[in-house]
Structure formats: C-alpha cells, structure tokens
$ cat upload_5.txt   # compact mmCIF, C-alpha atoms
# COMPACT_ATOMS: atom_id res chain seq x y z
CA MET A 1 126.69 149.53 -98.80
CA THR A 2 126.53 152.79 -96.90
CA LYS A 3 124.90 153.03 -93.51
CA GLY A 4 122.12 155.13 -95.10
CA HIS A 5 121.41 152.43 -97.68
CA ALA A 6 121.37 149.78 -94.98
CA LEU A 7 118.88 151.79 -92.93
CA ILE A 8 116.64 152.36 -95.96
CA LEU A 9 116.72 148.67 -96.83
CA ALA A 10 116.02 147.69 -93.24
CA ALA A 11 112.99 150.02 -93.19
CA VAL A 12 111.67 148.67 -96.51
CA LEU A 13 112.15 145.04 -95.45
CA ALA A 14 110.64 145.68 -92.03
CA THR A 15 107.56 147.19 -93.65
CA ILE A 16 107.22 144.33 -96.14
CA THR A 17 107.76 141.72 -93.43
CA GLN A 18 105.36 143.41 -91.01
CA GLN A 19 102.64 143.64 -93.67
CA THR A 20 103.18 140.03 -94.71
CA PHE A 21 103.13 138.73 -91.14
CA ALA A 22 100.01 140.78 -90.36
CA ARG A 23 98.23 139.37 -93.43
CA GLU A 24 99.34 135.87 -92.58
CA GLY A 25 98.36 136.09 -88.92
CA GLY A 26 102.05 136.16 -88.10
CA PHE A 27 104.01 138.14 -85.64
CA GLY A 28 102.76 141.58 -86.80
CA GLY A 29 106.14 143.22 -86.43
CA GLY A 30 106.73 141.69 -83.01
CA GLN A 31 103.63 143.06 -81.36
CA ARG A 32 100.79 140.98 -79.99
CA MET A 33 102.46 137.71 -80.89
CA GLU A 34 100.03 135.74 -78.78
CA HIS A 35 96.95 136.83 -80.73
CA ALA A 36 96.11 135.18 -84.02
CA ARG A 37 93.66 136.87 -86.34
CA PRO A 38 90.41 135.12 -87.26
CA HIS A 39 90.76 132.24 -89.71
CA GLN A 40 88.82 134.00 -92.44
CA GLY A 41 90.01 137.35 -93.69
CA GLU A 42 92.78 138.56 -95.95
CA MET A 43 93.98 135.09 -96.90
CA GLY A 44 90.41 133.98 -97.60
CA ARG A 45 89.93 136.92 -99.93
CA GLU A 46 93.29 136.20 -101.59
CA ARG A 47 92.28 132.59 -102.26
CA ALA A 48 88.90 133.62 -103.66
CA ALA A 49 90.23 136.39 -105.92
CA LYS A 50 91.28 135.47 -109.44
CA ARG A 51 94.71 136.97 -109.98
CA GLN A 52 95.69 138.65 -113.22
CA ASN A 53 98.98 138.81 -115.10
CA PHE A 54 100.72 142.18 -115.00
CA SER A 55 104.07 143.93 -115.19
CA GLU A 56 104.76 147.33 -113.72
CA THR A 57 107.65 149.64 -113.04
CA SER A 58 107.56 152.39 -110.46
CA THR A 59 110.02 154.82 -108.92
CA ARG A 60 109.77 156.10 -105.38
CA THR A 61 111.65 159.02 -103.86
CA LEU A 62 112.54 158.45 -100.23
CA ALA A 63 112.64 161.10 -97.51
CA ASN A 64 116.42 161.43 -97.91
CA GLY A 65 116.02 162.20 -101.63
CA GLU A 66 117.22 158.81 -102.85
CA THR A 67 115.17 157.08 -105.51
CA VAL A 68 114.33 153.37 -105.61
CA LYS A 69 113.03 151.76 -108.78
CA ARG A 70 110.80 148.68 -108.53
CA GLU A 71 110.02 146.30 -111.39
CA THR A 72 107.32 143.71 -110.71
CA THR A 73 105.89 140.90 -112.81
CA GLN A 74 102.96 138.78 -111.69
CA THR A 75 101.88 135.60 -113.44
CA ALA A 76 98.57 133.93 -112.64
CA THR A 77 98.58 130.13 -112.47
CA ASP A 78 95.77 127.59 -112.39
CA ASN A 79 96.05 127.35 -108.61
CA GLY A 80 97.52 130.70 -107.51
CA PHE A 81 100.16 133.10 -108.78
CA THR A 82 103.82 134.08 -108.73
CA ARG A 83 105.07 137.64 -108.28
CA ASN A 84 108.71 138.65 -108.72
CA SER A 85 110.03 142.11 -107.87
CA THR A 86 113.44 143.72 -108.27
CA LEU A 87 114.32 146.96 -106.50
CA THR A 88 117.25 149.08 -107.66
CA ASN A 89 118.61 151.87 -105.47
CA GLY A 90 120.47 155.02 -106.51
CA ALA A 91 123.83 153.26 -106.19
CA GLY A 92 122.73 150.59 -108.69
CA GLN A 93 122.42 147.85 -106.05
CA THR A 94 119.51 145.43 -106.40
CA ALA A 95 117.25 143.65 -103.95
CA THR A 96 114.68 141.00 -104.84
CA LYS A 97 111.40 139.62 -103.57
CA ASN A 98 109.81 136.49 -105.02
CA LEU A 99 106.36 135.35 -103.94
CA THR A 100 104.49 132.15 -104.84
CA VAL A 101 100.94 131.38 -103.74
CA VAL A 102 99.44 127.92 -104.25
CA ASN A 103 95.85 126.95 -103.44
CA ASP A 104 95.13 123.23 -103.35
CA LYS A 105 91.35 122.78 -103.37
CA GLU A 106 91.54 118.99 -102.91
CA THR A 107 93.43 119.24 -99.61
CA GLY A 108 92.03 122.64 -98.59
CA THR A 109 95.58 124.01 -98.33
CA HIS A 110 96.78 127.57 -99.02
CA THR A 111 100.58 128.01 -99.18
CA ARG A 112 102.40 131.33 -99.49
CA THR A 113 106.18 131.25 -99.97
CA MET A 114 108.33 134.37 -100.13
CA SER A 115 112.07 134.69 -100.58
CA GLY A 116 114.43 137.43 -101.56
CA THR A 117 117.73 139.22 -101.18
CA THR A 118 118.65 142.56 -99.66
CA PHE A 119 120.69 145.28 -101.34
CA ASP A 120 123.79 143.86 -99.65
CA GLY A 121 123.10 140.32 -100.87
CA LYS A 122 121.68 138.74 -97.71
CA SER A 123 118.82 136.28 -98.16
CA TYR A 124 115.51 136.16 -96.30
CA SER A 125 112.43 133.97 -96.57
CA ASN A 126 109.09 133.08 -95.04
CA THR A 127 106.48 130.43 -95.65
CA SER A 128 102.86 130.30 -94.48
CA THR A 129 100.46 127.40 -94.83
CA SER A 130 96.77 127.22 -93.91
CA GLN A 131 94.71 124.05 -94.13
CA LYS A 132 91.12 123.25 -93.30
CA THR A 133 90.62 120.18 -91.16
CA GLU A 134 87.54 118.12 -90.36
CA ASP A 135 86.89 120.12 -87.19
CA GLY A 136 88.74 123.40 -87.77
CA PHE A 137 92.07 124.46 -89.24
CA ASN A 138 95.86 124.37 -88.98
CA ARG A 139 98.10 127.33 -89.78
CA SER A 140 101.88 127.49 -89.75
CA HIS A 141 104.31 130.28 -90.45
CA SER A 142 108.11 130.23 -90.44
CA PHE A 143 110.69 132.79 -91.44
CA THR A 144 114.40 133.50 -91.73
CA THR A 145 115.63 137.10 -91.45
CA PRO A 146 118.51 138.55 -93.50
CA ASP A 147 120.66 138.11 -90.38
CA GLY A 148 119.91 134.37 -90.33
CA LYS A 149 117.55 134.42 -87.34
CA THR A 150 114.56 132.11 -87.54
CA GLY A 151 111.12 131.98 -86.00
CA SER A 152 107.89 130.10 -86.37
CA LYS A 153 104.27 130.05 -85.29
CA GLN A 154 101.76 127.19 -85.43
CA VAL A 155 98.06 127.58 -84.73
CA THR A 156 95.58 124.72 -84.47
CA GLY A 157 91.93 125.69 -84.34
CA VAL A 158 89.18 123.31 -83.25
CA ILE A 159 85.59 124.39 -83.86
CA ASP A 160 82.86 123.04 -81.61
CA LYS A 161 79.66 123.84 -83.52
CA GLU A 162 77.43 122.56 -80.71
CA ALA A 163 79.00 124.89 -78.15
CA GLY A 164 79.54 127.65 -80.74
CA THR A 165 83.23 127.99 -79.86
CA VAL A 166 86.65 127.81 -81.46
CA THR A 167 89.69 126.80 -79.42
CA LYS A 168 93.05 127.97 -80.75
CA THR A 169 96.29 126.44 -79.56
CA THR A 170 99.31 128.53 -80.52
CA THR A 171 102.98 127.60 -80.37
CA ILE A 172 105.55 130.35 -81.04
CA ASN A 173 109.31 130.07 -81.44
CA THR A 174 110.83 133.58 -81.53
CA PRO A 175 114.10 134.59 -83.19
CA ASN A 176 115.66 135.17 -79.76
CA GLY A 177 115.00 131.55 -78.76
CA GLU A 178 111.85 131.96 -76.68
CA ASN A 179 109.22 129.22 -76.93
CA LYS A 180 105.65 130.02 -75.98
CA GLN A 181 102.44 128.02 -76.08
CA HIS A 182 98.93 128.89 -75.06
CA SER A 183 95.32 128.02 -75.78
CA VAL A 184 92.30 130.29 -75.86
CA THR A 185 88.62 129.62 -76.55
CA HIS A 186 86.42 132.19 -78.29
CA GLN A 187 82.69 132.28 -78.92
CA LEU A 188 81.84 132.12 -82.61
CA ASN A 189 79.42 134.65 -83.96
CA PRO A 190 76.16 133.09 -85.26
CA GLN A 191 77.11 133.70 -88.88
CA THR A 192 80.49 131.91 -88.49
CA SER A 193 79.14 128.92 -86.59
CA ALA A 194 76.46 128.31 -89.24
CA ASN A 195 79.20 127.51 -91.79
$ encode --input "upload_5.txt" --output "structure tokens"
Amino acid sequence: MTKGHALILAAVLATITQQTFAREGGFGGGQRMEHARPHQGEMGRERAAKRQNFSETSTRTLANGETVKRETTQTATDNGFTRNSTLTNGAGQTATKNLTVVNDKETGTHTRTMSGTTFDGKSYSNTSTSQKTEDGFNRSHSFTTPDGKTGSKQVTGVIDKEAGTVTKTTTINTPNGENKQHSVTHQLNPQTSAN
C-alpha cells in the first residue's frame, strides 16, 4: 500500500469512526470525551425506524483524483438489521465494514456491532450497547483500532423523577492507557421527566 492510499484509508476510517462514536455517544473523535449525549436521540430514532432491504453501488472521486467504489447491502431482520459494505480503491485493494444492529424489546437492550478490515488488511471493531434499567439506563462502548489499540466507555444513568434529575457516572479507558471516571447531575426538562 502506498503512503497516499494509507492516508486516504486513515481519513475514511477516521470519518466513519468519528461519526459512529458521535452517534453512539462515544468519544466523538477524541474531543469532549467526558460529555455523553442525552440518552434519547440518534439511537432512539434508529431503534424506532423500520429498516428496509437495499443494495447500492457508488463511486466517489477523492481530492487526489483517485476513485473508490463502495458496494453496500442491507438486510432488515425482525429485531434490527445487518449492513455489509466493501470498498475498492484504484489499486484494486478492498476494505470492508460490517454492521449488525439488534434490538431486544424484552430486555430493553440495543446492541450495535461493527467490524471491518482496512485496505492493507488490518482489522478494526467496535461494539455499543444501551439498556434501559428500572431507574435509568446503562450504556457501554468498546473499540479496537486497526493498530490494535483499545478503548472503552461505560455510562450509568440514574433518573430521580421526584427531584427531576439524571445522574450520569462515566468511566473511560482511552487507547493510550488513561482511566477516567466522573459523575455529573443534570436537571431533566419537564417533557423528559414526565416519561
């Protein structure tokens, strides 16, 4: 793999990872790691939306003139969906991304698992799980980069309806070995606390 291909792949993977982490309340590309997004939001909409089956092929021309072809197939399941993508660069190298989402209504659990390979054959993965609890929620996120570095984030939210607050306790393990933990209490808006 040329240095140019490696840089292109790194940019594509960084964008995908950043978008995924932001949607999942993850690290958001390394910025604002201490702040988790509200419990409802993108994942709530994803769980509520009925996914459809589709297949598509697209070609994108990058700033350096190289083209990357992407083939994606999504299959809806009774409790979520799977989406598999293959990217092919101008040199004929392939990269993959496989995503599985499972919603378990009985346990109130939403699980999102992604794995893939880079153009140079390195593997990466991340898994996110959200679960409603009797008095709030638990969320966890873990990932492995193509370089083998790992990280994780766990958030426990406890809702006090009487006080109209939610207390979030966050534990973060960064790829460089840092461990952080903190708690913060927020006021719920009237619409949220009524639920």
$ atom_distance --input "upload_5.txt" --atom1 "CA of Met114 in chain A" --atom2 "CA of Pro175 in chain A"
17.9 Å
$ atom_distance --input "upload_5.txt" --atom1 "CA of Glu134 in chain A" --atom2 "CA of Thr109 in chain A"
12.8 Å
$ atom_distance --input "upload_5.txt" --atom1 "CA of Ser142 in chain A" --atom2 "CA of Thr73 in chain A"
24.9 Å
$ closest_residue --input "upload_5.txt" --among "A:Ser125, A:Gln181, A:Asn103, A:Asn98" --to "Arg83 in chain A" --atoms "all atoms listed in the file"
A:Asn98
$ residues_around --input "upload_5.txt" --residues "range 135-140 of chain A" --least-positions-apart "6" --cutoff "6 Å" --atoms "only C-alpha atoms" --output "ChimeraX atom specification"
/A:128-129,153-159
$ closest_residue --input "upload_5.txt" --among "A:Asn79, A:Gln187, A:Thr127, A:Thr174" --to "Lys161 in chain A" --atoms "only C-alpha atoms"
A:Gln187
$ residues_near_point --input "upload_5.txt" --point "(81.0, 129.8, -79.5)" --cutoff "9 Å" --atoms "only C-alpha atoms" --output "CSV table (one decimal) with C-alpha atoms, in the frame of the given file"
chain,number,residue,atom,x,y,z
A,159,ILE,CA,85.6,124.4,-83.9
A,160,ASP,CA,82.9,123.0,-81.6
A,161,LYS,CA,79.7,123.8,-83.5
A,162,GLU,CA,77.4,122.6,-80.7
A,163,ALA,CA,79.0,124.9,-78.2
A,164,GLY,CA,79.5,127.6,-80.7
A,165,THR,CA,83.2,128.0,-79.9
A,166,VAL,CA,86.6,127.8,-81.5
A,185,THR,CA,88.6,129.6,-76.6
A,186,HIS,CA,86.4,132.2,-78.3
A,187,GLN,CA,82.7,132.3,-78.9
A,188,LEU,CA,81.8,132.1,-82.6
A,189,ASN,CA,79.4,134.6,-84.0
A,190,PRO,CA,76.2,133.1,-85.3
A,193,SER,CA,79.1,128.9,-86.6
$ closest_residue --input "upload_5.txt" --among "A:Gly121, A:Lys69, A:Leu62, A:Val101" --to "Lys50 in chain A" --atoms "only C-alpha atoms"
A:Val101
$ residues_around --input "upload_5.txt" --residues "Thr77 in chain A" --least-positions-apart "5" --cutoff "9 Å" --atoms "only C-alpha atoms" --output "VMD selection string"
chain A and resid 51 82 102
